[in-house]
$ cat work.cif   # mmCIF, C-alpha atoms and all ligand atoms
data_target
#
loop_
_atom_site.label_atom_id
_atom_site.label_comp_id
_atom_site.auth_asym_id
_atom_site.auth_seq_id
_atom_site.Cartn_x
_atom_site.Cartn_y
_atom_site.Cartn_z
CA MET A 1 27.13 18.81 5.52
CA LEU A 2 26.87 15.24 4.26
CA LYS A 3 26.14 15.13 0.54
CA ILE A 4 24.23 12.24 -1.03
CA VAL A 5 23.37 11.59 -4.65
CA THR A 6 20.12 9.64 -5.01
CA ILE A 7 19.33 7.65 -8.15
CA VAL A 8 15.72 7.14 -9.20
CA GLY A 9 14.37 5.93 -12.52
CA ALA A 10 11.42 3.55 -12.26
CA ARG A 11 8.05 4.22 -10.57
CA PRO A 12 8.68 2.31 -7.32
CA GLN A 13 12.02 4.05 -6.76
CA ILE A 14 10.47 7.46 -7.08
CA ILE A 15 7.88 6.43 -4.50
CA LYS A 16 10.52 5.02 -2.11
CA ALA A 17 12.71 8.12 -2.53
CA ALA A 18 9.81 10.24 -1.28
CA ALA A 19 10.22 8.79 2.22
CA LEU A 20 13.93 9.58 2.51
CA SER A 21 13.62 13.06 0.95
CA ARG A 22 10.80 13.90 3.35
CA CYS A 23 12.83 12.71 6.32
CA ILE A 24 15.87 14.74 5.25
CA ARG A 25 13.69 17.84 4.77
CA ASN A 26 11.89 17.46 8.10
CA LEU A 27 14.63 16.21 10.41
CA PHE A 28 18.08 16.46 8.87
CA SER A 29 18.07 19.50 6.56
CA ASP A 30 21.01 21.07 8.42
CA LYS A 31 23.08 17.88 8.15
CA ILE A 32 22.28 16.12 4.84
CA SER A 33 21.96 17.58 1.35
CA GLU A 34 20.47 15.53 -1.46
CA PHE A 35 21.10 15.72 -5.21
CA ILE A 36 18.60 13.65 -7.22
CA ILE A 37 19.42 12.02 -10.57
CA HIS A 38 16.46 10.66 -12.55
CA THR A 39 17.70 8.21 -15.16
CA GLY A 40 14.50 8.60 -17.18
CA GLN A 41 13.88 4.82 -17.20
CA HIS A 42 10.20 5.63 -16.67
CA TYR A 43 9.07 8.77 -18.47
CA ASP A 44 5.29 8.78 -19.06
CA ASN A 45 3.65 11.42 -16.91
CA ASN A 46 1.67 8.78 -15.00
CA MET A 47 4.81 6.66 -14.40
CA SER A 48 7.04 9.49 -13.18
CA GLU A 49 6.04 13.17 -12.94
CA VAL A 50 2.79 12.47 -11.09
CA PHE A 51 4.71 11.03 -8.13
CA PHE A 52 7.01 14.02 -7.78
CA GLU A 53 3.99 16.30 -7.57
CA GLU A 54 1.76 14.15 -5.41
CA LEU A 55 4.41 12.94 -2.95
CA ASP A 56 6.13 16.32 -2.72
CA ILE A 57 9.53 15.06 -3.84
CA PRO A 58 12.09 17.70 -4.83
CA LYS A 59 12.42 17.96 -8.63
CA PRO A 60 15.38 15.89 -9.86
CA ASN A 61 18.50 18.02 -10.24
CA ILE A 62 19.17 16.18 -13.50
CA ASN A 63 17.07 13.93 -15.73
CA LEU A 64 19.24 11.79 -17.99
CA ASN A 65 16.20 10.98 -20.17
CA ILE A 66 17.57 7.53 -21.05
CA GLY A 67 14.13 6.03 -21.77
CA SER A 68 13.41 2.46 -22.87
CA ALA A 69 15.96 0.19 -24.58
CA SER A 70 17.42 -3.31 -24.29
CA HIS A 71 18.95 -4.10 -20.89
CA GLY A 72 22.50 -3.64 -22.14
CA GLN A 73 21.87 -0.38 -23.96
CA GLN A 74 19.75 1.11 -21.22
CA THR A 75 22.16 0.20 -18.41
CA ALA A 76 25.21 1.35 -20.37
CA LYS A 77 23.73 4.77 -21.13
CA MET A 78 22.75 5.20 -17.49
CA LEU A 79 26.21 4.17 -16.30
CA GLN A 80 27.86 6.73 -18.53
CA GLY A 81 25.48 9.51 -17.51
CA ILE A 82 25.66 8.77 -13.78
CA GLU A 83 29.45 8.54 -13.82
CA GLU A 84 29.79 12.00 -15.35
CA ILE A 85 27.60 13.53 -12.69
CA LEU A 86 29.30 11.73 -9.81
CA LEU A 87 32.65 13.05 -11.01
CA CYS A 88 31.29 16.60 -10.82
CA GLU A 89 29.24 16.30 -7.66
CA LYS A 90 31.69 14.20 -5.60
CA PRO A 91 29.10 13.04 -3.05
CA ASP A 92 29.84 11.26 0.21
CA TYR A 93 27.36 8.50 -0.71
CA ILE A 94 25.33 7.33 -3.69
CA VAL A 95 21.90 6.11 -2.56
CA LEU A 96 20.06 3.41 -4.55
CA TYR A 97 16.67 1.78 -4.23
CA GLY A 98 15.47 -1.69 -5.16
CA ASP A 99 16.54 -3.75 -8.12
CA THR A 100 15.99 -2.04 -11.44
CA ASN A 101 18.47 -1.29 -14.20
CA SER A 102 18.77 2.23 -12.73
CA THR A 103 19.87 0.65 -9.42
CA MET A 104 22.43 -1.53 -11.15
CA ALA A 105 23.89 1.37 -13.18
CA GLY A 106 24.20 3.51 -10.04
CA ALA A 107 25.94 0.70 -8.13
CA LEU A 108 28.51 0.15 -10.87
CA ALA A 109 29.16 3.85 -11.34
CA GLY A 110 29.58 4.36 -7.58
CA ILE A 111 31.87 1.46 -6.76
CA LYS A 112 34.15 2.07 -9.73
CA LEU A 113 34.65 5.66 -8.56
CA GLN A 114 35.05 4.45 -4.96
CA ILE A 115 32.04 6.45 -3.85
CA PRO A 116 30.35 4.45 -1.06
CA VAL A 117 27.15 2.82 -2.29
CA VAL A 118 24.07 2.75 -0.06
CA HIS A 119 21.48 0.13 -1.01
CA ILE A 120 18.00 0.57 0.37
CA GLU A 121 15.91 -2.62 0.10
CA ALA A 122 19.01 -4.80 0.24
CA GLY A 123 19.07 -8.56 0.82
CA LEU A 124 16.01 -9.61 -1.14
CA ARG A 125 16.33 -12.75 -3.21
CA SER A 126 13.97 -14.72 -5.42
CA PHE A 127 16.63 -17.37 -6.13
CA ASN A 128 15.61 -17.10 -9.77
CA LYS A 129 18.39 -15.64 -11.89
CA LYS A 130 16.13 -15.52 -14.94
CA MET A 131 14.66 -12.41 -13.33
CA PRO A 132 16.61 -9.33 -14.41
CA GLU A 133 15.91 -7.88 -10.97
CA GLU A 134 17.68 -10.78 -9.20
CA ILE A 135 20.90 -10.05 -11.07
CA ASN A 136 20.57 -6.34 -10.34
CA ARG A 137 20.03 -6.81 -6.62
CA ILE A 138 22.84 -9.33 -6.12
CA MET A 139 25.32 -7.11 -7.95
CA CYS A 140 24.16 -4.01 -6.12
CA ASP A 141 24.39 -5.64 -2.69
CA HIS A 142 27.92 -6.82 -3.39
CA ALA A 143 29.00 -3.33 -4.47
CA SER A 144 27.52 -1.67 -1.38
CA THR A 145 29.11 -0.15 1.68
CA LEU A 146 25.84 0.27 3.61
CA LEU A 147 22.99 -2.23 3.14
CA PHE A 148 19.57 -1.38 4.59
CA VAL A 149 17.46 -4.51 4.80
CA PRO A 150 13.67 -4.46 5.23
CA THR A 151 13.09 -7.98 6.59
CA LYS A 152 14.73 -10.69 8.68
CA THR A 153 14.71 -12.97 5.65
CA GLY A 154 16.77 -10.36 3.80
CA ILE A 155 19.33 -10.43 6.62
CA LYS A 156 19.54 -14.23 6.43
CA ASN A 157 19.99 -14.09 2.66
CA LEU A 158 22.93 -11.74 3.05
CA GLU A 159 24.50 -13.86 5.78
CA HIS A 160 24.35 -16.85 3.42
CA GLU A 161 26.32 -14.81 0.91
CA GLY A 162 29.03 -14.01 3.45
CA PHE A 163 27.87 -10.64 4.75
CA VAL A 164 28.37 -10.10 8.48
CA VAL A 165 25.73 -8.35 10.55
CA GLY A 166 27.45 -6.47 13.35
CA ASN A 167 30.54 -5.41 11.41
CA GLN A 168 32.11 -2.38 13.07
CA ALA A 169 32.72 0.99 11.39
CA PRO A 170 34.57 2.28 9.46
CA PHE A 171 32.51 0.67 6.70
CA SER A 172 33.63 0.11 3.15
CA ALA A 173 32.73 -2.16 0.26
CA ASP A 174 35.14 -4.67 1.84
CA ASN A 175 33.71 -4.21 5.32
CA PRO A 176 30.06 -3.40 4.61
CA GLY A 177 27.57 -2.38 7.26
CA VAL A 178 24.37 -4.46 7.19
CA PHE A 179 21.32 -3.05 8.99
CA HIS A 180 17.83 -4.40 9.57
CA CYS A 181 15.74 -1.25 9.49
CA GLY A 182 12.24 -2.12 8.22
CA ASP A 183 10.66 -1.12 4.97
CA ILE A 184 10.76 2.44 3.72
CA MET A 185 7.49 1.87 1.79
CA PHE A 186 5.77 1.36 5.13
CA ASP A 187 6.96 4.86 6.17
CA ASN A 188 5.16 6.20 3.09
CA LEU A 189 2.02 4.26 3.66
CA ILE A 190 1.64 5.58 7.19
CA HIS A 191 2.32 9.13 5.99
CA PHE A 192 -0.01 9.10 2.96
CA SER A 193 -2.83 6.76 3.97
CA GLU A 194 -5.15 9.41 5.42
CA MET A 195 -4.24 11.91 2.69
CA ALA A 196 -5.37 9.36 0.10
CA VAL A 197 -8.85 9.36 1.64
CA GLN A 198 -9.03 13.16 1.61
CA LYS A 199 -7.53 13.84 -1.80
CA THR A 200 -8.66 11.12 -4.20
CA ALA A 201 -11.96 10.46 -5.92
CA ILE A 202 -11.09 7.19 -7.61
CA MET A 203 -13.61 5.15 -5.61
CA GLN A 204 -16.40 7.54 -6.60
CA ASN A 205 -15.17 7.89 -10.17
CA LEU A 206 -15.24 4.12 -10.69
CA ASN A 207 -18.43 3.81 -8.64
CA LEU A 208 -16.88 1.25 -6.31
CA GLN A 209 -17.80 0.16 -2.80
CA GLU A 210 -15.38 -1.14 -0.20
CA ASN A 211 -14.64 -4.89 -0.43
CA GLU A 212 -16.51 -5.51 -3.68
CA PHE A 213 -13.48 -5.73 -5.95
CA LEU A 214 -10.21 -7.47 -6.60
CA LEU A 215 -7.29 -5.16 -7.40
CA CYS A 216 -4.81 -6.48 -9.95
CA THR A 217 -1.46 -5.26 -11.30
CA ILE A 218 0.79 -7.13 -13.74
CA HIS A 219 4.07 -5.96 -15.24
CA ARG A 220 6.84 -8.59 -14.81
CA ASP A 221 8.58 -9.39 -18.05
CA ASN A 222 7.86 -13.11 -17.80
CA ASN A 223 4.12 -12.42 -17.44
CA THR A 224 3.92 -9.84 -20.22
CA ASP A 225 6.38 -11.35 -22.66
CA SER A 226 4.89 -14.85 -22.43
CA LEU A 227 1.51 -14.76 -24.12
CA GLU A 228 0.58 -18.10 -22.55
CA ARG A 229 1.07 -16.73 -19.03
CA LEU A 230 -0.74 -13.49 -19.83
CA LYS A 231 -3.70 -15.42 -21.25
CA GLN A 232 -3.95 -17.53 -18.08
CA ILE A 233 -4.00 -14.43 -15.87
CA ILE A 234 -6.53 -12.50 -17.99
CA SER A 235 -8.74 -15.55 -18.33
CA ALA A 236 -8.66 -15.99 -14.54
CA LEU A 237 -9.69 -12.35 -14.03
CA CYS A 238 -12.65 -12.79 -16.40
CA PHE A 239 -13.68 -16.02 -14.68
CA ILE A 240 -13.52 -14.40 -11.24
CA GLU A 241 -15.78 -11.54 -12.30
CA GLU A 242 -18.19 -13.79 -14.18
CA ASN A 243 -18.48 -16.50 -11.50
CA LEU A 244 -17.31 -15.31 -8.09
CA GLY A 245 -19.09 -11.99 -7.82
CA LEU A 246 -16.05 -9.75 -7.56
CA LYS A 247 -15.49 -6.67 -9.67
CA ILE A 248 -11.96 -6.23 -10.98
CA VAL A 249 -9.84 -3.07 -11.00
CA PHE A 250 -6.80 -3.38 -13.23
CA PRO A 251 -4.48 -0.35 -13.57
CA LEU A 252 -2.29 -1.17 -16.54
CA HIS A 253 1.47 -0.69 -16.62
CA PRO A 254 2.40 0.59 -20.11
CA ARG A 255 4.31 -2.61 -20.81
CA THR A 256 1.17 -4.66 -20.12
CA SER A 257 -1.18 -2.38 -21.99
CA LYS A 258 1.02 -2.55 -25.11
CA ILE A 259 1.04 -6.33 -25.14
CA ILE A 260 -2.70 -6.65 -24.40
CA GLU A 261 -3.46 -4.30 -27.29
CA SER A 262 -1.09 -5.93 -29.73
CA SER A 263 -1.17 -9.64 -28.93
CA LEU A 264 -4.10 -10.85 -26.82
CA PRO A 265 -6.32 -13.18 -28.90
CA ASP A 266 -9.50 -11.43 -30.11
CA ASP A 267 -11.97 -13.55 -28.12
CA LEU A 268 -10.16 -13.01 -24.81
CA TYR A 269 -9.65 -9.32 -25.59
CA GLN A 270 -13.41 -8.94 -26.20
CA ARG A 271 -14.26 -10.88 -23.02
CA LEU A 272 -12.00 -8.57 -21.02
CA SER A 273 -12.75 -5.24 -22.61
CA THR A 274 -16.55 -5.55 -22.89
CA ASN A 275 -17.06 -6.58 -19.25
CA LYS A 276 -18.40 -3.49 -17.49
CA ASN A 277 -17.34 -4.80 -14.08
CA ILE A 278 -13.72 -5.07 -15.12
CA HIS A 279 -12.25 -1.59 -14.83
CA ILE A 280 -9.13 -1.34 -16.93
CA ILE A 281 -7.55 1.98 -16.08
CA ALA A 282 -4.35 3.91 -16.78
CA PRO A 283 -1.56 3.66 -14.19
CA ALA A 284 -2.97 5.11 -10.99
CA SER A 285 -1.27 7.83 -8.98
CA TYR A 286 0.19 6.64 -5.67
CA LEU A 287 -2.63 8.11 -3.61
CA GLU A 288 -5.22 6.54 -5.92
CA MET A 289 -3.41 3.25 -5.77
CA ILE A 290 -3.29 3.08 -2.00
CA MET A 291 -6.96 4.08 -1.88
CA LEU A 292 -7.74 1.13 -4.16
CA GLU A 293 -5.59 -1.20 -2.07
CA LYS A 294 -7.20 -0.05 1.14
CA ASN A 295 -10.72 -0.68 -0.19
CA SER A 296 -10.11 -3.90 -2.10
CA ARG A 297 -11.31 -7.34 -1.03
CA LEU A 298 -8.24 -9.10 -2.45
CA ILE A 299 -5.06 -8.13 -4.26
CA LEU A 300 -3.57 -10.10 -7.14
CA THR A 301 -0.18 -8.95 -8.39
CA ASP A 302 3.31 -9.70 -9.62
CA SER A 303 4.61 -6.37 -8.26
CA GLY A 304 7.10 -6.32 -5.40
CA GLY A 305 5.75 -3.13 -3.88
CA VAL A 306 2.08 -3.99 -4.25
CA GLN A 307 2.65 -7.34 -2.47
CA LYS A 308 3.93 -5.46 0.57
CA GLU A 309 1.19 -2.85 0.43
CA ALA A 310 -1.39 -5.65 0.41
CA TYR A 311 0.10 -6.83 3.69
CA PHE A 312 0.26 -3.31 5.15
CA PHE A 313 -3.48 -2.97 4.46
CA LYS A 314 -4.17 -6.50 5.75
CA LYS A 315 -5.52 -7.72 2.42
CA PRO A 316 -5.27 -11.32 1.18
CA LEU A 317 -2.63 -11.53 -1.52
CA ILE A 318 -2.34 -13.72 -4.59
CA VAL A 319 1.12 -13.68 -6.15
CA VAL A 320 1.13 -14.38 -9.88
CA ARG A 321 4.73 -15.51 -9.93
CA SER A 322 6.39 -18.83 -9.17
CA GLU A 323 8.17 -17.38 -6.13
CA THR A 324 8.42 -14.23 -4.07
CA GLU A 325 11.07 -12.28 -2.21
CA TRP A 326 8.52 -11.49 0.50
CA THR A 327 8.36 -15.02 1.85
CA GLU A 328 7.08 -13.95 5.29
CA ILE A 329 3.73 -12.98 3.76
CA ILE A 330 3.26 -16.50 2.39
CA GLU A 331 4.52 -18.15 5.59
CA ASN A 332 1.98 -16.13 7.61
CA GLY A 333 -0.82 -17.43 5.39
CA ALA A 334 -1.72 -13.94 4.16
CA GLY A 335 -0.58 -14.71 0.62
CA ILE A 336 -0.74 -17.59 -1.85
CA ILE A 337 1.67 -18.17 -4.71
CA ALA A 338 -0.52 -19.06 -7.67
CA ASP A 339 1.95 -18.49 -10.49
CA ALA A 340 0.34 -17.58 -13.83
CA ASP A 341 -2.02 -20.54 -13.62
CA GLU A 342 -5.74 -19.91 -14.08
CA GLY A 343 -6.79 -22.88 -11.95
CA LYS A 344 -4.49 -21.96 -9.05
CA ILE A 345 -5.50 -18.30 -9.19
CA VAL A 346 -9.21 -19.11 -9.05
CA GLU A 347 -8.66 -21.63 -6.21
CA ALA A 348 -6.69 -19.02 -4.26
CA VAL A 349 -9.48 -16.46 -4.65
CA LYS A 350 -12.12 -18.98 -3.51
CA ASN A 351 -9.95 -19.94 -0.56
CA PHE A 352 -9.54 -16.34 0.59
CA LEU A 353 -13.23 -15.51 0.08
CA GLN A 354 -14.07 -18.26 2.56
CA ASN A 355 -11.29 -17.58 5.04
CA ASN A 356 -11.58 -14.40 7.09
CA GLN A 357 -9.18 -15.49 9.84
CA LEU A 358 -5.94 -14.09 8.43
CA THR A 359 -3.34 -12.58 10.73
CA PHE A 360 -0.76 -9.92 9.86
CA PRO A 361 2.04 -9.81 12.44
CA GLU A 362 4.52 -6.94 12.03
CA ILE A 363 7.27 -7.94 9.59
CA PHE A 364 8.11 -4.68 7.85
CA GLY A 365 9.29 -2.60 10.80
CA ASP A 366 7.81 0.36 12.59
CA GLY A 367 7.47 2.95 9.80
CA HIS A 368 10.67 4.80 10.76
CA ALA A 369 13.07 3.25 8.27
CA ALA A 370 14.02 6.59 6.72
CA GLU A 371 15.07 8.06 10.10
CA PHE A 372 17.11 4.97 10.78
CA ILE A 373 18.86 5.32 7.42
CA CYS A 374 19.61 9.04 7.82
CA SER A 375 21.01 8.54 11.34
CA THR A 376 23.23 5.71 10.12
CA LEU A 377 24.52 7.81 7.22
CA LEU A 378 25.48 10.42 9.78
CA GLY A 379 27.36 7.79 11.78
CA GLN A 380 24.90 7.77 14.67
CA MET A 381 24.36 3.99 14.42
CA PRO A 382 20.87 3.29 15.73
CA LYS A 383 20.26 -0.24 17.01
CA ASN A 384 18.91 -2.72 14.45
CA ILE A 385 15.14 -3.10 14.83
C1 LIG B 1 11.03 -1.87 -14.52
C2 LIG B 1 12.01 -2.69 -13.70
C3 LIG B 1 11.25 -3.59 -12.75
C4 LIG B 1 10.25 -2.82 -11.92
C5 LIG B 1 9.36 -1.96 -12.82
C6 LIG B 1 8.48 -1.08 -11.98
C7 LIG B 1 14.13 -3.33 -14.76
C8 LIG B 1 14.89 -4.40 -15.43
N1 LIG B 1 12.83 -3.54 -14.55
O1 LIG B 1 10.29 -2.78 -15.32
O2 LIG B 1 12.16 -4.24 -11.88
O3 LIG B 1 9.49 -3.72 -11.18
O4 LIG B 1 10.17 -1.14 -13.66
O5 LIG B 1 7.40 -0.61 -12.68
O6 LIG B 1 14.69 -2.31 -14.44
N2 LIG B 1 7.23 2.00 -20.87
C9 LIG B 1 6.46 3.06 -21.29
N3 LIG B 1 6.51 4.22 -20.58
C10 LIG B 1 7.27 4.38 -19.47
C11 LIG B 1 8.05 3.31 -19.07
C12 LIG B 1 8.03 2.13 -19.77
O7 LIG B 1 5.75 2.97 -22.29
O8 LIG B 1 7.25 5.48 -18.86
C13 LIG B 1 7.15 0.74 -21.63
C14 LIG B 1 8.15 0.65 -22.76
O9 LIG B 1 7.55 -0.04 -23.82
C15 LIG B 1 9.26 -0.19 -22.16
C16 LIG B 1 8.49 -1.12 -21.25
O10 LIG B 1 7.41 -0.34 -20.73
O11 LIG B 1 10.00 -0.87 -23.12
C17 LIG B 1 9.30 -1.68 -20.11
O12 LIG B 1 9.89 -0.62 -19.35
P1 LIG B 1 11.24 -0.90 -18.49
O13 LIG B 1 11.55 0.28 -17.67
O14 LIG B 1 12.31 -1.43 -19.38
O15 LIG B 1 10.84 -2.10 -17.58
P2 LIG B 1 9.58 -2.29 -16.64
O16 LIG B 1 8.81 -3.45 -17.14
O17 LIG B 1 8.88 -1.00 -16.44
N1 LIG B 2 1.66 1.91 -8.08
C1 LIG B 2 1.02 3.08 -8.43
N2 LIG B 2 0.13 3.05 -9.48
C2 LIG B 2 -0.14 1.91 -10.15
C3 LIG B 2 0.53 0.72 -9.79
C4 LIG B 2 1.44 0.76 -8.74
O1 LIG B 2 1.21 4.13 -7.81
O2 LIG B 2 -0.96 1.96 -11.08
C5 LIG B 2 2.60 1.94 -6.94
C6 LIG B 2 2.31 0.94 -5.87
O3 LIG B 2 1.37 1.43 -4.95
C7 LIG B 2 3.69 0.72 -5.27
C8 LIG B 2 4.62 0.88 -6.44
O4 LIG B 2 3.88 1.59 -7.44
O5 LIG B 2 3.97 1.72 -4.31
C9 LIG B 2 5.03 -0.45 -7.00
O6 LIG B 2 5.67 -0.26 -8.24
P1 LIG B 2 5.65 -1.34 -9.40
O7 LIG B 2 4.57 -2.31 -9.19
O8 LIG B 2 5.67 -0.59 -10.68
O9 LIG B 2 7.09 -2.00 -9.27
P2 LIG B 2 7.74 -3.09 -8.29
O10 LIG B 2 7.41 -2.75 -6.89
O11 LIG B 2 7.27 -4.42 -8.73
O12 LIG B 2 9.21 -2.98 -8.58
#

$ encode --input "work.cif" --output "structure tokens"
Amino acid sequence: MLKIVTIVGARPQIIKAAALSRCIRNLFSDKISEFIIHTGQHYDNNMSEVFFEELDIPKPNINLNIGSASHGQQTAKMLQGIEEILLCEKPDYIVLYGDTNSTMAGALAGIKLQIPVVHIEAGLRSFNKKMPEEINRIMCDHASTLLFVPTKTGIKNLEHEGFVVGNQAPFSADNPGVFHCGDIMFDNLIHFSEMAVQKTAIMQNLNLQENEFLLCTIHRDNNTDSLERLKQIISALCFIEENLGLKIVFPLHPRTSKIIESSLPDDLYQRLSTNKNIHIIAPASYLEMIMLEKNSRLILTDSGGVQKEAYFFKKPLIVVRSETEWTEIIENGAGIIADADEGKIVEAVKNFLQNNQLTFPEIFGDGHAAEFICSTLLGQMPKNI
């Protein structure tokens, strides 16, 4: 039996882990056993527990309960906690998702103990090292033995950094295996899309009709920690509702809700909070979120995962960052980078409201990334997609 230790900590990792756990349970339960460590990076019920219940993920074997702290403190505590468990559990692989501090801590703990590191969602680059995530993903990729890459751009990024696609086994951190396997979040979307229709009432609860609203999420540190950027985004949302006839649905990440409550100027706060067509809601569950995405007219976000889900649901995307890792979406014309600039955001919305001719060629694989990953872990080496 192959034993893996999976590290989760932040919301998107819990969601991604659902796809692999489900695949192990359904197809590989006699060959792979999984031990889940939750670092506790996200801890509110609606940022963590809700996903385990809704997406039927096995309860974590251990929750380190690290919680929020500065980058150094948080990562150091995680590293210490993960190392202790790896020494006891002695897995064949440590499996990591994405680019958070939990990912980084897992990568360091694994490589130092010479436990092969598996990075799912490898190869992404923003080419902006001011992003904490960019540092985390570069370090994690370079500590990995197996790199599972969602897009062709991710493969090219790794090749530029000296990785070789087509390396032969046996793999190691010095001879890593790089695989183009599609996006594991797409596996989830296919699996849960219909269930979201059956099991959620968020459209009825908010009294929303299909295509009458813009869905927005914001949580990146440079958008929340810069009041100027946050003001531009919020002001754009108000303008769009007041002038372009779109309702707004805005599930708030706790980081964003804290800063809006504490620091947004009074006039803008009033304009936002008294507008009955701007629905500011608590973080949505995954099924609620994909229901909102599916029914939205447009999606405006700085989230990595929500950008991709916009594309999966064939929705026009406005990226409120100065760059994106998901460059294919922009190149296909299905997304516009508007940064945190009110004028550019409003222009992008107008542009998409007039243009219904968008195309969405397949760029995120076939929805079987988790099977690909499990087979590769077992040494069966499927062909790159
Ligand atoms: C983290 C990841 C980011 C990812 C995001 C997904 C890093 C460096 N950042 O950002 O890459 O896109 O998760 O959502 O790892 N908070 C709560 N309750 C919670 C969790 C957080 O109130 O359950 C608040 C705390 O005030 C905390 C702040 O949110 O200080 C930021 O949380 P943190 O996990 O440090 O970073 P995120 O912004 O969530
Ligand atoms: N998500 C959710 N509820 C929300 C906002 C996002 O379930 O209120 C889901 C979303 O559908 C996607 C994932 O969380 O699957 C993205 O996570 P997040 O935006 O927190 O982080 P990122 O992807 O930017 O790292």

$ residues_near_ligand --input "work.cif" --ligand "ligand LIG 1 (chain B)" --cutoff "9 Å" --atoms "all atoms listed in the file" --output "MDAnalysis selection string"
chainID A and resid 9:13 40:48 67:71 74:75 98:104 131:134 136 219:221 224 253:258 302:305

$ closest_residue --input "work.cif" --among "A:Met185, A:Ile234, A:Leu79, A:Leu20" --to "ligand LIG 2 (chain B)" --atoms "only C-alpha atoms and all ligand atoms"
A:Met185

$ residues_around --input "work.cif" --residues "Leu246 (chain A)" --least-positions-apart "6" --cutoff "7 Å" --atoms "only C-alpha atoms" --output "list in words"
Glu212, Phe213, Leu214 and Ile240 of chain A

$ write_last_selection --input "work.cif" --atoms "C-alpha atoms" --output "CSV table (one decimal), keeping the file's coordinate frame"
chain,number,residue,atom,x,y,z
A,212,GLU,CA,-16.5,-5.5,-3.7
A,213,PHE,CA,-13.5,-5.7,-6.0
A,214,LEU,CA,-10.2,-7.5,-6.6
A,240,ILE,CA,-13.5,-14.4,-11.2

$ atom_distance --input "work.cif" --atom1 "CA of Glu34 (chain A)" --atom2 "CA of Thr6 (chain A)"
6.9 Å

$ residues_around --input "work.cif" --residues "Leu87 (chain A)" --least-positions-apart "4" --cutoff "10 Å" --atoms "only C-alpha atoms" --output "list in words"
Ile82, Glu83, Pro91, Ala109, Gly110, Leu113 and Ile115 of chain A

$ residues_near_point --input "work.cif" --point "(-5.2, -3.7, -15.7)" --cutoff "10 Å" --atoms "all atoms listed in the file" --output "list in words"
Leu215, Cys216, Thr217, Ile218, His219, Ile234, Leu237, Ile248, Val249, Phe250, Pro251, Leu252, His253, Pro254, Thr256, Ser257, Ile260, Leu272, Ile278, His279, Ile280, Ile281, Ala282 and Pro283 of chain A

$ residues_around --input "work.cif" --residues "region 142-156 of chain A" --least-positions-apart "4" --cutoff "9 Å" --atoms "all atoms listed in the file" --output "PyMOL selection string"
chain A and resi 107-108+110-111+116-125+137-138+160-161+163+165+171-184+325-328+363-365+369+373+376-377

$ closest_residue --input "work.cif" --among "A:Asn188, A:Ser296, A:Asn167, A:Asn223" --to "ligand LIG 2 (chain B)" --atoms "all atoms listed in the file"
A:Asn188

$ atom_distance --input "work.cif" --atom1 "CA of Phe239 (chain A)" --atom2 "CA of Asn207 (chain A)"
21.3 Å

$ closest_residue --input "work.cif" --among "A:Leu378, A:Cys23, A:Leu86, A:Ile15" --to "ligand LIG 2 (chain B)" --atoms "all atoms listed in the file"
A:Ile15

$ atom_distance --input "work.cif" --atom1 "CA of Ile233 (chain A)" --atom2 "CA of Glu347 (chain A)"
12.9 Å
